[in-house]
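Asks: The structure file coords_34.txt (compact mmCIF, C-alpha atoms and all ligand atoms) is provided below.
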```txt
# COMPACT_ATOMS: atom_id res chain seq x y z
CA MET A 1 -2.60 -26.54 -19.06
CA THR A 2 -4.02 -23.68 -16.96
CA ARG A 3 -1.73 -20.69 -16.66
CA TYR A 4 -1.51 -19.07 -13.22
CA SER A 5 0.57 -16.28 -11.69
CA ARG A 6 2.71 -16.52 -8.57
CA ILE A 7 4.87 -14.14 -6.52
CA THR A 8 8.49 -15.27 -6.81
CA GLY A 9 10.25 -12.36 -5.11
CA THR A 10 9.52 -9.41 -2.81
CA GLY A 11 11.48 -6.27 -1.95
CA SER A 12 10.99 -2.99 -0.15
CA PHE A 13 12.75 0.24 0.68
CA LEU A 14 12.27 2.96 3.28
CA PRO A 15 14.06 6.31 3.04
CA PRO A 16 16.62 6.59 5.86
CA ASN A 17 15.09 9.63 7.60
CA ARG A 18 12.97 8.02 10.36
CA LEU A 19 10.80 10.34 12.41
CA THR A 20 9.41 9.10 15.72
CA ASN A 21 6.21 10.57 17.13
CA ALA A 22 8.30 12.51 19.68
CA GLN A 23 10.34 14.13 16.87
CA LEU A 24 7.24 14.91 14.80
CA VAL A 25 5.39 16.30 17.84
CA ALA A 26 8.37 18.62 18.53
CA ASP A 27 8.53 19.74 14.86
CA LEU A 28 4.80 20.45 14.83
CA ALA A 29 4.94 22.29 18.17
CA ALA A 30 7.52 24.63 16.63
CA ARG A 31 4.87 25.46 13.98
CA GLY A 32 2.20 26.00 16.65
CA VAL A 33 0.43 22.67 15.95
CA GLU A 34 -0.48 20.75 19.09
CA THR A 35 -0.48 16.94 19.19
CA SER A 36 1.05 14.18 21.30
CA ASP A 37 2.63 10.75 21.09
CA GLU A 38 -0.21 9.41 23.29
CA TRP A 39 -2.95 10.70 20.94
CA ILE A 40 -1.24 9.36 17.81
CA VAL A 41 -0.53 5.91 19.31
CA GLU A 42 -3.95 5.53 20.91
CA ARG A 43 -5.99 6.64 17.85
CA THR A 44 -3.84 5.15 15.07
CA GLY A 45 -1.20 2.71 16.41
CA ILE A 46 1.53 4.75 14.66
CA SER A 47 4.86 5.32 16.48
CA ALA A 48 7.17 6.33 13.62
CA ARG A 49 7.30 7.00 9.88
CA HIS A 50 9.99 7.63 7.24
CA PHE A 51 10.18 10.81 5.14
CA ALA A 52 12.17 11.00 1.90
CA ALA A 53 14.73 13.79 1.46
CA PRO A 54 13.47 16.67 -0.74
CA ASP A 55 15.50 15.55 -3.79
CA VAL A 56 14.33 11.91 -3.60
CA THR A 57 11.49 10.97 -5.95
CA CYS A 58 8.92 8.20 -6.02
CA SER A 59 10.87 6.39 -8.75
CA ASP A 60 14.04 6.46 -6.58
CA LEU A 61 12.20 4.56 -3.82
CA ALA A 62 10.58 2.26 -6.40
CA LEU A 63 13.99 1.47 -7.91
CA GLU A 64 15.49 0.22 -4.62
CA ALA A 65 12.43 -1.92 -3.80
CA SER A 66 12.35 -3.30 -7.37
CA ARG A 67 16.03 -4.26 -7.38
CA ARG A 68 15.50 -6.22 -4.14
CA ALA A 69 12.39 -7.97 -5.48
CA ILE A 70 14.08 -8.90 -8.79
CA ASP A 71 17.09 -10.19 -6.86
CA ALA A 72 14.88 -12.23 -4.51
CA ALA A 73 13.18 -13.79 -7.56
CA GLY A 74 16.63 -14.81 -8.89
CA LEU A 75 16.10 -12.75 -12.05
CA GLN A 76 17.82 -9.92 -13.90
CA ALA A 77 16.03 -6.65 -14.71
CA ALA A 78 16.19 -7.66 -18.40
CA ASP A 79 13.88 -10.62 -17.66
CA ILE A 80 10.98 -8.31 -16.66
CA ASP A 81 8.33 -8.00 -19.39
CA LEU A 82 5.72 -5.80 -17.65
CA ILE A 83 6.00 -2.97 -15.11
CA ILE A 84 3.05 -1.57 -13.15
CA VAL A 85 3.63 1.07 -10.47
CA ALA A 86 0.81 1.91 -8.07
CA THR A 87 1.24 5.49 -6.88
CA SER A 88 -0.53 8.78 -6.24
CA THR A 89 2.71 10.74 -5.82
CA PRO A 90 4.44 10.42 -9.22
CA ASP A 91 7.72 12.16 -10.10
CA MET A 92 5.90 14.32 -12.66
CA VAL A 93 2.45 14.78 -14.19
CA PHE A 94 3.67 12.57 -17.04
CA PRO A 95 5.32 10.31 -18.11
CA SER A 96 4.54 7.60 -15.59
CA VAL A 97 6.78 6.50 -12.73
CA ALA A 98 6.74 3.07 -14.39
CA CYS A 99 8.49 4.46 -17.50
CA ILE A 100 11.05 6.34 -15.38
CA LEU A 101 11.61 3.20 -13.30
CA GLN A 102 12.06 1.08 -16.42
CA HIS A 103 14.84 3.39 -17.61
CA LYS A 104 16.49 3.47 -14.16
CA LEU A 105 16.46 -0.35 -14.21
CA GLY A 106 18.40 -0.14 -17.48
CA ILE A 107 15.78 -1.90 -19.59
CA ALA A 108 13.50 -0.89 -22.47
CA GLY A 109 10.65 -2.21 -24.56
CA CYS A 110 8.26 -3.87 -22.11
CA PRO A 111 4.92 -2.17 -21.32
CA ALA A 112 5.10 0.11 -18.29
CA PHE A 113 2.28 2.13 -16.75
CA ASP A 114 1.04 3.58 -13.47
CA MET A 115 -2.04 2.52 -11.53
CA GLN A 116 -3.84 5.30 -9.66
CA ALA A 117 -6.18 3.90 -7.02
CA VAL A 118 -4.62 5.64 -3.99
CA CYS A 119 -4.26 3.21 -1.05
CA SER A 120 -5.91 0.39 -3.03
CA GLY A 121 -3.39 0.87 -5.85
CA PHE A 122 -1.27 -2.18 -5.10
CA VAL A 123 -4.15 -4.68 -5.00
CA TYR A 124 -5.51 -3.12 -8.21
CA ALA A 125 -2.05 -3.41 -9.85
CA LEU A 126 -1.53 -6.99 -8.69
CA SER A 127 -4.93 -8.00 -9.98
CA VAL A 128 -4.25 -6.41 -13.40
CA ALA A 129 -0.80 -8.05 -13.62
CA ASP A 130 -2.38 -11.41 -12.72
CA ALA A 131 -4.94 -11.00 -15.53
CA MET A 132 -2.22 -10.01 -18.03
CA ILE A 133 -0.11 -13.03 -17.07
CA LYS A 134 -3.09 -15.41 -17.27
CA SER A 135 -3.97 -14.02 -20.73
CA GLY A 136 -0.41 -14.57 -21.97
CA ALA A 137 0.30 -10.82 -22.36
CA ALA A 138 3.15 -11.03 -19.83
CA SER A 139 5.23 -13.69 -18.05
CA LYS A 140 7.42 -11.86 -15.54
CA ALA A 141 5.76 -8.75 -14.12
CA LEU A 142 7.24 -6.22 -11.73
CA VAL A 143 4.44 -4.80 -9.57
CA VAL A 144 5.38 -1.89 -7.34
CA GLY A 145 3.69 0.34 -4.78
CA ALA A 146 5.72 3.51 -4.15
CA GLU A 147 4.85 6.81 -2.50
CA VAL A 148 6.28 10.08 -1.25
CA PHE A 149 3.09 11.04 0.60
CA SER A 150 5.01 13.53 2.76
CA ARG A 151 4.87 15.86 -0.28
CA LEU A 152 1.07 16.06 0.00
CA LEU A 153 0.83 16.70 3.73
CA ASP A 154 -0.53 19.89 5.27
CA PHE A 155 1.66 20.25 8.36
CA SER A 156 -0.79 22.73 9.83
CA ASP A 157 -3.53 20.03 9.88
CA ARG A 158 -2.89 17.69 12.82
CA THR A 159 -5.76 15.40 11.81
CA THR A 160 -3.84 14.21 8.72
CA CYS A 161 -0.12 15.09 8.90
CA VAL A 162 0.62 12.59 11.70
CA LEU A 163 -0.76 9.65 9.71
CA PHE A 164 1.39 9.23 6.60
CA GLY A 165 4.90 8.19 5.57
CA ASP A 166 7.04 7.46 2.49
CA GLY A 167 8.33 4.12 1.16
CA ALA A 168 8.13 1.48 -1.58
CA GLY A 169 7.42 -2.22 -1.90
CA ALA A 170 7.63 -4.49 -4.94
CA VAL A 171 6.91 -8.02 -6.06
CA VAL A 172 7.85 -10.08 -9.08
CA LEU A 173 4.81 -11.97 -10.36
CA GLU A 174 5.62 -14.83 -12.72
CA ALA A 175 3.61 -17.21 -14.88
CA SER A 176 3.30 -20.55 -13.13
CA GLN A 177 1.75 -23.99 -13.61
CA THR A 178 0.54 -23.94 -9.99
CA PRO A 179 -1.73 -21.28 -8.51
CA GLY A 180 -0.29 -18.35 -6.63
CA ILE A 181 -3.00 -15.72 -6.97
CA LEU A 182 -6.24 -17.52 -6.13
CA ALA A 183 -8.83 -14.75 -6.51
CA SER A 184 -9.29 -11.01 -6.41
CA ASP A 185 -12.16 -8.59 -5.92
CA LEU A 186 -11.96 -4.88 -6.82
CA HIS A 187 -14.43 -2.02 -6.32
CA ALA A 188 -14.84 1.74 -6.48
CA ASP A 189 -17.55 4.27 -5.64
CA GLY A 190 -16.84 7.73 -7.01
CA LYS A 191 -19.54 9.45 -4.97
CA TYR A 192 -17.02 9.53 -2.12
CA VAL A 193 -14.32 11.48 -4.03
CA GLY A 194 -14.62 14.40 -1.59
CA ILE A 195 -13.93 12.52 1.68
CA LEU A 196 -10.29 11.84 0.82
CA CYS A 197 -8.57 13.81 -1.91
CA VAL A 198 -5.87 16.18 -3.08
CA PRO A 199 -8.10 18.50 -5.13
CA GLY A 200 -5.42 20.63 -6.82
CA HIS A 201 -4.58 20.34 -10.52
CA VAL A 202 -2.16 21.93 -12.93
CA SER A 203 -3.52 24.43 -15.46
CA GLY A 204 -1.95 27.29 -17.41
CA GLY A 205 1.37 26.93 -15.59
CA GLN A 206 -0.19 27.08 -12.11
CA VAL A 207 -1.56 24.73 -9.48
CA ILE A 208 -5.29 25.44 -9.24
CA GLY A 209 -6.85 24.41 -5.90
CA SER A 210 -5.07 22.91 -2.90
CA PRO A 211 -2.22 20.49 -3.66
CA LEU A 212 -2.47 19.09 -0.11
CA LEU A 213 -4.30 16.07 1.25
CA THR A 214 -7.67 16.60 2.85
CA MET A 215 -9.61 13.83 4.60
CA ASP A 216 -12.82 13.32 6.56
CA GLY A 217 -11.20 10.73 8.84
CA LYS A 218 -14.42 9.57 10.49
CA ALA A 219 -16.19 8.97 7.16
CA VAL A 220 -13.16 7.07 5.79
CA PHE A 221 -12.91 4.99 8.97
CA LYS A 222 -16.58 3.97 8.81
CA LEU A 223 -16.46 3.02 5.12
CA ALA A 224 -13.13 1.19 5.50
CA VAL A 225 -14.26 -1.25 8.19
CA GLY A 226 -17.32 -2.24 6.16
CA VAL A 227 -15.68 -2.72 2.76
CA LEU A 228 -12.60 -4.54 4.09
CA GLU A 229 -14.87 -7.24 5.49
CA SER A 230 -17.04 -7.53 2.37
CA ALA A 231 -14.03 -7.64 -0.01
CA ALA A 232 -12.36 -10.38 2.05
CA ARG A 233 -15.54 -12.47 2.09
CA ALA A 234 -16.15 -12.01 -1.66
CA THR A 235 -12.57 -13.03 -2.46
CA LEU A 236 -12.74 -16.11 -0.23
CA ALA A 237 -16.03 -17.13 -1.90
CA LYS A 238 -14.46 -16.82 -5.38
CA ALA A 239 -11.57 -19.05 -4.27
CA GLU A 240 -13.99 -21.48 -2.53
CA LEU A 241 -12.11 -21.03 0.74
CA THR A 242 -13.14 -19.82 4.21
CA GLU A 243 -11.63 -17.51 6.85
CA ALA A 244 -10.13 -20.58 8.50
CA ASP A 245 -7.91 -21.09 5.43
CA ILE A 246 -6.20 -17.69 5.84
CA ASP A 247 -2.69 -17.96 7.30
CA TRP A 248 -1.92 -14.22 7.12
CA LEU A 249 -4.02 -11.08 6.78
CA ILE A 250 -2.16 -8.08 5.30
CA PRO A 251 -4.59 -5.17 5.14
CA HIS A 252 -3.70 -1.65 4.05
CA GLN A 253 -1.69 -0.20 6.94
CA ALA A 254 -3.61 2.98 7.78
CA ASN A 255 -4.88 2.61 11.31
CA LEU A 256 -4.39 -0.24 13.78
CA ARG A 257 -7.98 0.08 15.00
CA ILE A 258 -9.32 -0.53 11.46
CA MET A 259 -6.96 -3.50 11.07
CA HIS A 260 -7.98 -5.06 14.40
CA SER A 261 -11.65 -4.60 13.58
CA THR A 262 -11.17 -6.34 10.19
CA ALA A 263 -9.36 -9.30 11.80
CA LYS A 264 -12.12 -9.56 14.41
CA LYS A 265 -14.91 -9.52 11.80
CA LEU A 266 -13.11 -12.31 9.92
CA LYS A 267 -12.67 -14.20 13.23
CA LEU A 268 -8.90 -14.25 12.77
CA PRO A 269 -6.60 -14.21 15.81
CA LEU A 270 -4.41 -11.09 15.93
CA GLU A 271 -1.33 -13.33 15.53
CA LYS A 272 -2.37 -13.74 11.87
CA LEU A 273 -2.40 -9.98 11.27
CA ILE A 274 0.77 -8.45 9.77
CA VAL A 275 1.34 -5.00 11.30
CA THR A 276 3.86 -2.45 10.05
CA VAL A 277 1.75 0.71 10.41
CA ASP A 278 3.37 1.24 13.84
CA GLN A 279 6.78 1.76 12.19
CA HIS A 280 5.84 3.04 8.72
CA GLY A 281 2.67 5.08 9.17
CA ASN A 282 0.30 5.00 6.21
CA THR A 283 2.40 4.73 3.04
CA SER A 284 -0.68 4.49 0.79
CA ALA A 285 -0.05 2.20 -2.23
CA ALA A 286 3.30 1.11 -0.77
CA SER A 287 1.89 -0.16 2.53
CA ILE A 288 0.82 -3.66 1.47
CA PRO A 289 3.97 -4.67 -0.50
CA LEU A 290 6.13 -3.16 2.28
CA ALA A 291 4.30 -5.24 4.89
CA LEU A 292 4.41 -8.35 2.68
CA ASP A 293 8.16 -8.02 2.15
CA GLU A 294 8.80 -7.56 5.87
CA ALA A 295 6.64 -10.59 6.64
CA VAL A 296 8.49 -12.72 4.05
CA ARG A 297 11.98 -11.62 5.11
CA SER A 298 11.22 -12.07 8.82
CA GLY A 299 10.17 -15.66 8.08
CA LYS A 300 6.50 -15.20 9.01
CA VAL A 301 5.05 -15.71 5.51
CA LYS A 302 6.38 -18.99 4.11
CA LYS A 303 6.04 -20.81 0.78
CA GLY A 304 2.55 -22.27 0.53
CA ASP A 305 0.93 -19.94 3.09
CA VAL A 306 -2.46 -18.47 2.17
CA VAL A 307 -2.28 -14.66 2.36
CA MET A 308 -5.13 -12.15 2.12
CA LEU A 309 -4.06 -8.68 0.89
CA GLU A 310 -6.61 -5.89 1.30
CA GLY A 311 -6.58 -2.29 0.13
CA VAL A 312 -8.88 0.65 0.79
CA GLY A 313 -8.51 4.32 0.05
CA GLY A 314 -9.33 7.44 -1.92
CA GLY A 315 -11.79 7.18 -4.76
CA PHE A 316 -13.38 5.55 -2.79
CA THR A 317 -11.60 2.36 -3.87
CA TRP A 318 -11.23 -1.01 -2.21
CA GLY A 319 -10.35 -4.59 -3.01
CA ALA A 320 -8.61 -7.78 -2.00
CA VAL A 321 -6.24 -10.34 -3.49
CA LEU A 322 -6.05 -13.85 -2.02
CA LEU A 323 -2.88 -15.75 -2.83
CA LYS A 324 -0.84 -18.80 -2.04
CA TYR A 325 2.68 -17.51 -1.43
N1 LIG A 401 -3.44 15.21 17.96
C1 LIG A 401 -4.28 15.53 18.97
N2 LIG A 401 -5.60 15.66 18.80
C2 LIG A 401 -6.09 15.43 17.57
C3 LIG A 401 -5.28 15.08 16.47
C4 LIG A 401 -3.91 14.97 16.71
N3 LIG A 401 -3.03 14.65 15.73
N4 LIG A 401 -6.06 14.93 15.40
C5 LIG A 401 -7.33 15.14 15.79
N5 LIG A 401 -7.34 15.46 17.10
C6 LIG A 401 -8.50 15.77 17.94
C7 LIG A 401 -9.67 16.31 17.13
O1 LIG A 401 -9.54 17.69 16.91
C8 LIG A 401 -10.83 15.96 18.03
O2 LIG A 401 -10.91 16.94 19.03
P1 LIG A 401 -12.37 17.50 19.50
O3 LIG A 401 -13.07 16.29 20.04
O4 LIG A 401 -12.00 18.52 20.52
O5 LIG A 401 -12.99 18.03 18.26
C9 LIG A 401 -10.39 14.66 18.69
O6 LIG A 401 -8.96 14.58 18.52
C10 LIG A 401 -11.02 13.43 18.07
O7 LIG A 401 -10.90 13.52 16.67
P2 LIG A 401 -11.54 12.43 15.73
O8 LIG A 401 -11.42 12.86 14.30
O9 LIG A 401 -12.90 12.06 16.26
O10 LIG A 401 -10.55 11.22 16.00
P3 LIG A 401 -10.71 9.75 15.51
O11 LIG A 401 -10.70 8.85 16.66
O12 LIG A 401 -11.79 9.60 14.49
O13 LIG A 401 -9.32 9.51 14.76
C11 LIG A 401 -8.32 9.38 12.59
C12 LIG A 401 -8.97 10.29 13.63
C13 LIG A 401 -7.08 8.78 13.16
C14 LIG A 401 -7.95 10.24 11.37
C15 LIG A 401 -9.30 8.28 12.18
O14 LIG A 401 -10.56 8.85 11.89
C16 LIG A 401 -8.83 7.47 11.02
O15 LIG A 401 -7.86 6.75 11.09
N6 LIG A 401 -9.57 7.48 9.88
C17 LIG A 401 -9.27 6.65 8.76
C18 LIG A 401 -8.07 7.10 8.00
C19 LIG A 401 -7.76 6.03 6.96
O16 LIG A 401 -7.92 4.86 7.19
N7 LIG A 401 -7.33 6.38 5.82
C20 LIG A 401 -7.09 5.27 4.86
C21 LIG A 401 -7.14 5.66 3.59
S1 LIG A 401 -5.81 6.71 3.29
C22 LIG A 401 -5.69 6.95 1.60
O17 LIG A 401 -6.39 6.40 0.80
C23 LIG A 401 -4.69 7.97 1.17
```
Represent the supplied structure as structure tokens.
Ligand code: ACO

Replies:
Amino acid sequence: MTRYSRITGTGSFLPPNRLTNAQLVADLAARGVETSDEWIVERTGISARHFAAPDVTCSDLALEASRRAIDAAGLQAADIDLIIVATSTPDMVFPSVACILQHKLGIAGCPAFDMQAVCSGFVYALSVADAMIKSGAASKALVVGAEVFSRLLDFSDRTTCVLFGDGAGAVVLEASQTPGILASDLHADGKYVGILCVPGHVSGGQVIGSPLLTMDGKAVFKLAVGVLESAARATLAKAELTEADIDWLIPHQANLRIMHSTAKKLKLPLEKLIVTVDQHGNTSAASIPLALDEAVRSGKVKKGDVVMLEGVGGGFTWGAVLLKY
């Protein structure tokens, strides 16, 4: 009998400190940085984001989201036999957030590792967990996207600091006799490393180079709209489905204009687009599982719905996972 993988539980967590555009605009004005609610909403669709307190780590956010996902799946932490955490903002250089999360969940023994593909991290992680389940290497995987992107922001750069937020989302992916994950399609092109990066690194007890995010927004925008369409089409072709079969589109939540353009290219009505970027900002690897969990808990995404998840981000990386929820 063919072995498939299926999402059996979702969870998410946002740190309680919610900053509206008005609050952020006032904070930035105090630093001499000029921006406005109108500019941010018109160019990005973002109205608010959450920032973690200074002593809260990526694994703290991941833990809350994971507990909710495990609970929703009707499992105990001890049932989990694989942990993958997609993140670019780990607690420490090493060990991985996945290992720290495993310990915080009170379990030991199962493989646990991080996936670093920036904003595409969650679709990369889900695709790897799917392959490991299909191969028999795992049966009950915890796949998490968690970020404290606020730590990487240059609050003197208005072109980037208004875009990002912190948060975590998680799913439990279990072996199943019926298909959940239908197809996936992953890509990267390293020649674009420079358009979106945090170039700093640790050496000899010091951070060498800038530890803050730098982005050529226009170049990222242009690449994103192209690859999100091609990844969706490639994934549909692998699953032998068409755009008309998609019930919900959950793209990486970076910019509402990119998301609308993707829905339009796929000829999907905007009612099928899940949007959380307005309330969360861009939470990088956490954005897709956060949006999925909100869509499940609000009753939009129901059992049996066909859902297209799409990630795009630094690397340059991009990819899609098509699934039956
Ligand atoms: N407030 C007010 N004005 C601003 C701000 C701001 N926060 N930021 C930029 N501006 C100004 C610029 O200085 C520029 O002024 P000028 O014309 O006098 O030079 C003007 O607004 C227009 O700037 P653009 O960069 O052309 O604005 P654009 O419409 O391209 O929007 C944005 C910028 C929002 C960054 C957009 O390019 C974008 O969303 N890019 C994609 C980002 C993305 O999707 N990232 C996903 C991956 S993230 C990851 O992997 C971590």

Asks: Which residues are close to region 225-240 of chain A, i.e. within 8 Å by only C-alpha atoms, leaving aside same-chain residues fewer than 6 positions away? Reply as a PyMOL selection string.

Replies: chain A and resi 182-186+258+261-262+265-266+308+310-312+318-322

Asks: Mind giving me the straight-line distance from atom N6 of ligand LIG 401 (chain A) to CA of Asn282 (chain A) in Å, one decimal?

Replies: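 So the two atoms, atom N6 of ligand LIG 401 (chain A) and CA of Asn282 (chain A), lie 10.8 Å apart.
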
Asks: Find the spatial neighbours of Asp130 (chain A), counting only C-alpha atoms, within a cut-off of 8 Å - ignore same-chain residues fewer than 6 positions away - and output them as a PDB file with C-alpha atoms, keeping the file's coordinate frame.

Replies:
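Contents of result.pdb, freshly written:
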```
ATOM      1  CA  TYR A   4      -1.510 -19.070 -13.220  1.00  0.00           C
ATOM      2  CA  SER A   5       0.570 -16.280 -11.690  1.00  0.00           C
ATOM      3  CA  LEU A 173       4.810 -11.970 -10.360  1.00  0.00           C
ATOM      4  CA  ILE A 181      -3.000 -15.720  -6.970  1.00  0.00           C
TER       5      ILE A 181
END
```

Asks: Grab the CA of Gly194 (chain A) to atom N1 of ligand LIG 401 (chain A) distance for me, in Å with one decimal place.

Replies: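 Value for the CA of Gly194 (chain A)-atom N1 of ligand LIG 401 (chain A) distance: 22.5 Å.
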
Asks: How far is it from CA of Leu142 (chain A) to atom C17 of ligand LIG 401 (chain A), in Å with one decimal?

Replies: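 Separation of CA of Leu142 (chain A) and atom C17 of ligand LIG 401 (chain A): 29.3 Å.
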
Asks: Using all atoms listed in the file, which residues have at least one atom no more than 9 Å from ligand LIG 401 (chain A)? Output them as a tab-separated table (two decimals) with C-alpha atoms, keeping the file's coordinate frame.

Replies:
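What ended up in pocket_36.tsv:
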```tsv
chain	number	residue	atom	x	y	z
A	25	VAL	CA	5.39	16.30	17.84
A	33	VAL	CA	0.43	22.67	15.95
A	34	GLU	CA	-0.48	20.75	19.09
A	35	THR	CA	-0.48	16.94	19.19
A	36	SER	CA	1.05	14.18	21.30
A	37	ASP	CA	2.63	10.75	21.09
A	38	GLU	CA	-0.21	9.41	23.29
A	39	TRP	CA	-2.95	10.70	20.94
A	40	ILE	CA	-1.24	9.36	17.81
A	42	GLU	CA	-3.95	5.53	20.91
A	43	ARG	CA	-5.99	6.64	17.85
A	44	THR	CA	-3.84	5.15	15.07
A	88	SER	CA	-0.53	8.78	-6.24
A	117	ALA	CA	-6.18	3.90	-7.02
A	118	VAL	CA	-4.62	5.64	-3.99
A	119	CYS	CA	-4.26	3.21	-1.05
A	120	SER	CA	-5.91	0.39	-3.03
A	149	PHE	CA	3.09	11.04	0.60
A	157	ASP	CA	-3.53	20.03	9.88
A	158	ARG	CA	-2.89	17.69	12.82
A	159	THR	CA	-5.76	15.40	11.81
A	160	THR	CA	-3.84	14.21	8.72
A	161	CYS	CA	-0.12	15.09	8.90
A	162	VAL	CA	0.62	12.59	11.70
A	163	LEU	CA	-0.76	9.65	9.71
A	164	PHE	CA	1.39	9.23	6.60
A	196	LEU	CA	-10.29	11.84	0.82
A	197	CYS	CA	-8.57	13.81	-1.91
A	213	LEU	CA	-4.30	16.07	1.25
A	215	MET	CA	-9.61	13.83	4.60
A	216	ASP	CA	-12.82	13.32	6.56
A	217	GLY	CA	-11.20	10.73	8.84
A	218	LYS	CA	-14.42	9.57	10.49
A	219	ALA	CA	-16.19	8.97	7.16
A	220	VAL	CA	-13.16	7.07	5.79
A	221	PHE	CA	-12.91	4.99	8.97
A	222	LYS	CA	-16.58	3.97	8.81
A	223	LEU	CA	-16.46	3.02	5.12
A	224	ALA	CA	-13.13	1.19	5.50
A	225	VAL	CA	-14.26	-1.25	8.19
A	252	HIS	CA	-3.70	-1.65	4.05
A	253	GLN	CA	-1.69	-0.20	6.94
A	254	ALA	CA	-3.61	2.98	7.78
A	255	ASN	CA	-4.88	2.61	11.31
A	256	LEU	CA	-4.39	-0.24	13.78
A	257	ARG	CA	-7.98	0.08	15.00
A	258	ILE	CA	-9.32	-0.53	11.46
A	282	ASN	CA	0.30	5.00	6.21
A	283	THR	CA	2.40	4.73	3.04
A	284	SER	CA	-0.68	4.49	0.79
A	285	ALA	CA	-0.05	2.20	-2.23
A	311	GLY	CA	-6.58	-2.29	0.13
A	312	VAL	CA	-8.88	0.65	0.79
A	313	GLY	CA	-8.51	4.32	0.05
A	314	GLY	CA	-9.33	7.44	-1.92
A	315	GLY	CA	-11.79	7.18	-4.76
A	316	PHE	CA	-13.38	5.55	-2.79
A	317	THR	CA	-11.60	2.36	-3.87
```

Asks: So that I can see what lies close to region 90-105 of chain A, please list as a ChimeraX atom specification the residues with an atom at most 9 Å from it, counting all atoms listed in the file and leaving out residues fewer than 2 positions away in the same chain.

Replies: /A:57-60,62-63,66-67,77-78,83-88,107-114,144,146-148,202

Asks: Let me have the centre and edge lengths of the axis-aligned box enclosing all listed atoms of region 105-122 of chain A with 4 Å padding on every side, in Å to one decimal, as JSON.

Replies:
```
{"center_x": 6.1, "center_y": 0.9, "center_z": -12.8, "size_x": 32.6, "size_y": 17.5, "size_z": 31.5}
```

Asks: Nearest to Lys267 (chain A): which of A:Leu24, A:Ala69, A:Ala175, A:Ala244 is it, counting only C-alpha atoms?

Replies: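 For Lys267 (chain A), the nearest of the candidates is A:Ala244.
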
Asks: Write out as JSON, numbers by chain which residues come within 10 Å of region 291-306 of chain A when counting all atoms listed in the file, dropping same-chain ones fewer than 4 positions away.

Replies: {"A": [7, 8, 9, 10, 11, 12, 13, 65, 68, 69, 169, 170, 171, 180, 181, 182, 245, 246, 247, 248, 249, 250, 251, 252, 253, 272, 274, 275, 276, 277, 280, 286, 287, 322, 323, 324, 325]}

Asks: Using all atoms listed in the file, which of A:Leu212, A:Ala72, A:Ala137, A:Ala125 sits nearest Thr89 (chain A)?

Replies: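 Selected residue with least distance to Thr89 (chain A): A:Leu212.
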
Asks: Between A:His50, A:His201, A:Lys140, A:His260, which has the minimum distance to Ala168 (chain A) (counting all atoms listed in the file)?

Replies: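 Looking only at the distances to Ala168 (chain A), the closest residue turns out to be A:His50.
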